[in-house]
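Peer 1: Encoded as structure tokens, here's the structure I'll be asking about.
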Amino acid sequence: MNEYKQIALQGLWKNNPGLVQLLGLCPLLAVTATLTNALGLGLATMLVLIGSNVLVSLVKSLVPKEIRIPIFVMIIAALVTCVQLLVNAYAYGLYLSLGIFLPLIVTNCVIIGRAEAFASRNSVVKSAFDGFMMGLGFLLVLSVLGASREILSQGTLFAGADLLLGDWAADLTIHFWQLDTSFLLAMLPPGAFIAMGFLIAFKNIIDKKLADRTPTPDTVEVVTRARVTKVS
């Protein structure tokens, strides 16, 4: 259990793909204008992460080391195609909203990085759990960015939820205040870049405080030995 706890801690905090590894920043900054878009892309990325980790762990002993990266990319591309077709079939509005960034999950360094660094060296169960936790950590960062940008730019939260969950979710939109004009900076990728900087700084502050509270081992006192000389 301690090993799985460490995997969870790595994915959610210590080695978070968005806050620490700084991987997948292109969709992270471009798509998180709303919470709905962020959740849609985050869930799609999580599904691909779990599936690719499981498949790579299953075939790792059959793939020669010389061609392992192309094989891993082919596995990821096949899974992304499946997810893209599912989103196109059941959430067409979200499919149009995410645009090119949905098929570009293939090039997300988070997925190929976990396949190479973890799934190719561990069991199927551990690989699936690692994919879930890394995907969840990435999803949480996307969600925080999407929620903060949507509130600042539009004064709403969960606008367009029907694109992700269906027509019944149209009433889930929360209105905080009415804006005559949208806050343009929060809607554009530079606003996401600034918000991302604040998130990383906030995480670093928490890590610094946790490190300061961690007790350090006591300093070992060095005792100088007295030398006694014989007086003749």
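In the structure tokens, each chain is lettered A, B, ... as it comes, each chain's residues begin at 1, and ligands are numbered from 1 in order of appearance.
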Write out as a CSV table (one decimal) with N, CA and C atoms, in the first residue's frame the residues lying within 7 Å of segment 98-106 of chain A, counting only C-alpha atoms and excluding same-chain residues fewer than 5 positions away.
Peer 2:
```csv
chain,number,residue,atom,x,y,z
A,27,PRO,N,-2.1,22.4,-24.9
A,27,PRO,CA,-3.5,22.3,-24.7
A,27,PRO,C,-3.9,22.9,-23.4
A,31,VAL,N,-6.9,25.5,-24.2
A,31,VAL,CA,-8.2,25.0,-24.1
A,31,VAL,C,-9.0,25.4,-22.9
A,37,ASN,N,-14.6,22.8,-21.1
A,37,ASN,CA,-13.5,22.4,-22.1
A,37,ASN,C,-12.4,21.8,-21.3
A,41,LEU,N,-11.2,17.8,-22.0
A,41,LEU,CA,-9.8,17.5,-22.5
A,41,LEU,C,-9.1,16.7,-21.4
A,45,THR,N,-7.6,12.9,-21.9
A,45,THR,CA,-6.2,12.6,-21.6
A,45,THR,C,-6.1,11.5,-20.6
A,76,ILE,N,-0.6,4.8,-28.6
A,76,ILE,CA,-1.2,6.0,-28.1
A,76,ILE,C,-2.1,6.6,-29.2
A,77,ALA,N,-1.6,6.6,-30.5
A,77,ALA,CA,-2.4,7.1,-31.6
A,77,ALA,C,-3.7,6.3,-31.8
A,80,VAL,N,-6.1,7.4,-29.0
A,80,VAL,CA,-6.6,8.8,-29.2
A,80,VAL,C,-7.6,8.8,-30.3
A,84,GLN,N,-11.3,10.1,-29.7
A,84,GLN,CA,-11.8,11.1,-30.6
A,84,GLN,C,-13.2,10.7,-31.2
```
Peer 1: Which residues, written as a PyMOL selection string, have at least one atom at most 12 Å from Leu199 of chain A, with only C-alpha atoms counted and residues fewer than 4 positions away on the same chain left out?
Peer 2: chain A and resi 16+18-20+22+140-142+144-145+148+192-195+203-206
Peer 1: I want to know what sits within 10 Å of Ile69 of chain A, based on only C-alpha atoms, with residues of the same chain fewer than 6 positions away left out; could you give that as a count of residues only?
Peer 2: 5
Peer 1: Taking into account only C-alpha atoms, which residue in the set A:Trp177, A:Phe138, A:Trp13, A:Phe198 is nearest to Glu150 of chain A?
Peer 2: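 Closest residue, counting only C-alpha atoms: A:Trp177.
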Peer 1: Mind dumping a table of every segment 13-45 of chain A residue within 12 Å of segment 117-132 of chain A, with the nearest atom pair and its distance in Å to one decimal, using only C-alpha atoms, sorted by chain and rising number, as a tab-separated table?
Peer 2:
```
residue	atom	partner	partner_atom	distance
A:Asn15	CA	A:Asp130	CA	11.4
A:Asn16	CA	A:Asp130	CA	11.5
A:Pro17	CA	A:Gly131	CA	11.2
A:Gly42	CA	A:Phe132	CA	11.3
A:Leu43	CA	A:Phe132	CA	10.2
A:Ala44	CA	A:Phe132	CA	11.6
A:Thr45	CA	A:Gly131	CA	9.7
```
Peer 1: Keeping only all heavy atoms, write the selected residues to a file as a tab-separated table (two decimals), in the first residue's frame.
Peer 2:
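Below is the file that was written, part_6.tsv:
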```tsv
chain	number	residue	atom	x	y	z
A	15	ASN	N	5.09	15.14	-8.48
A	15	ASN	CA	5.55	15.08	-9.87
A	15	ASN	C	4.39	15.37	-10.82
A	15	ASN	O	4.27	14.75	-11.87
A	15	ASN	CB	6.14	13.70	-10.16
A	15	ASN	CG	7.12	13.73	-11.31
A	15	ASN	OD1	7.67	14.77	-11.65
A	15	ASN	ND2	7.32	12.59	-11.95
A	16	ASN	N	3.52	16.29	-10.41
A	16	ASN	CA	2.34	16.62	-11.21
A	16	ASN	C	2.74	17.02	-12.64
A	16	ASN	O	3.63	17.84	-12.81
A	16	ASN	CB	1.57	17.77	-10.54
A	16	ASN	CG	0.26	18.07	-11.22
A	16	ASN	OD1	0.22	18.71	-12.26
A	16	ASN	ND2	-0.83	17.62	-10.60
A	17	PRO	N	2.07	16.45	-13.66
A	17	PRO	CA	2.48	16.74	-15.04
A	17	PRO	C	2.41	18.22	-15.40
A	17	PRO	O	3.24	18.71	-16.17
A	17	PRO	CB	1.47	15.93	-15.87
A	17	PRO	CG	0.98	14.87	-14.96
A	17	PRO	CD	1.00	15.46	-13.58
A	42	GLY	N	-9.33	17.03	-20.10
A	42	GLY	CA	-8.68	16.30	-19.01
A	42	GLY	C	-9.15	14.86	-18.93
A	42	GLY	O	-8.34	13.95	-18.74
A	43	LEU	N	-10.44	14.62	-19.09
A	43	LEU	CA	-10.96	13.25	-19.06
A	43	LEU	C	-10.46	12.45	-20.25
A	43	LEU	O	-10.13	11.26	-20.11
A	43	LEU	CB	-12.50	13.28	-19.04
A	43	LEU	CG	-13.14	13.79	-17.75
A	43	LEU	CD1	-14.64	13.94	-17.93
A	43	LEU	CD2	-12.84	12.83	-16.59
A	44	ALA	N	-10.41	13.07	-21.43
A	44	ALA	CA	-9.90	12.37	-22.61
A	44	ALA	C	-8.43	11.98	-22.42
A	44	ALA	O	-8.02	10.86	-22.74
A	44	ALA	CB	-10.07	13.25	-23.85
A	45	THR	N	-7.64	12.91	-21.88
A	45	THR	CA	-6.23	12.63	-21.63
A	45	THR	C	-6.06	11.52	-20.60
A	45	THR	O	-5.18	10.65	-20.74
A	45	THR	CB	-5.51	13.90	-21.17
A	45	THR	OG1	-5.70	14.95	-22.12
A	45	THR	CG2	-4.01	13.65	-21.00
```
Peer 1: Return the single residue from A:Gln6, A:Leu28, A:Ala91, A:Pro64 that is closest to Leu139 of chain A, with distances computed using only C-alpha atoms.
Peer 2: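 The answer is A:Leu28, which sits nearest to Leu139 of chain A.
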Peer 1: From the options A:Ala33, A:Tyr92, A:Thr173, A:Glu66, which residue's atoms come nearest to Ala186 of chain A, counting only C-alpha atoms?
Peer 2: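 Closest residue, counting only C-alpha atoms: A:Ala33.
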Peer 1: Identify all residues of segment 148-219 of chain A in strand (DSSP E or B) (DSSP on the backbone) and supply them as a VMD selection string.
Peer 2: chain A and resid 156 to 157 174 to 175
Peer 1: Could you find all residues in segment 112-218 of chain A that DSSP calls helix (DSSP H, G or I) from the backbone, and write them as a PyMOL selection string?
Peer 2: chain A and resi 112-117+119-121+124-154+162-165+167-172+184-187+189-213
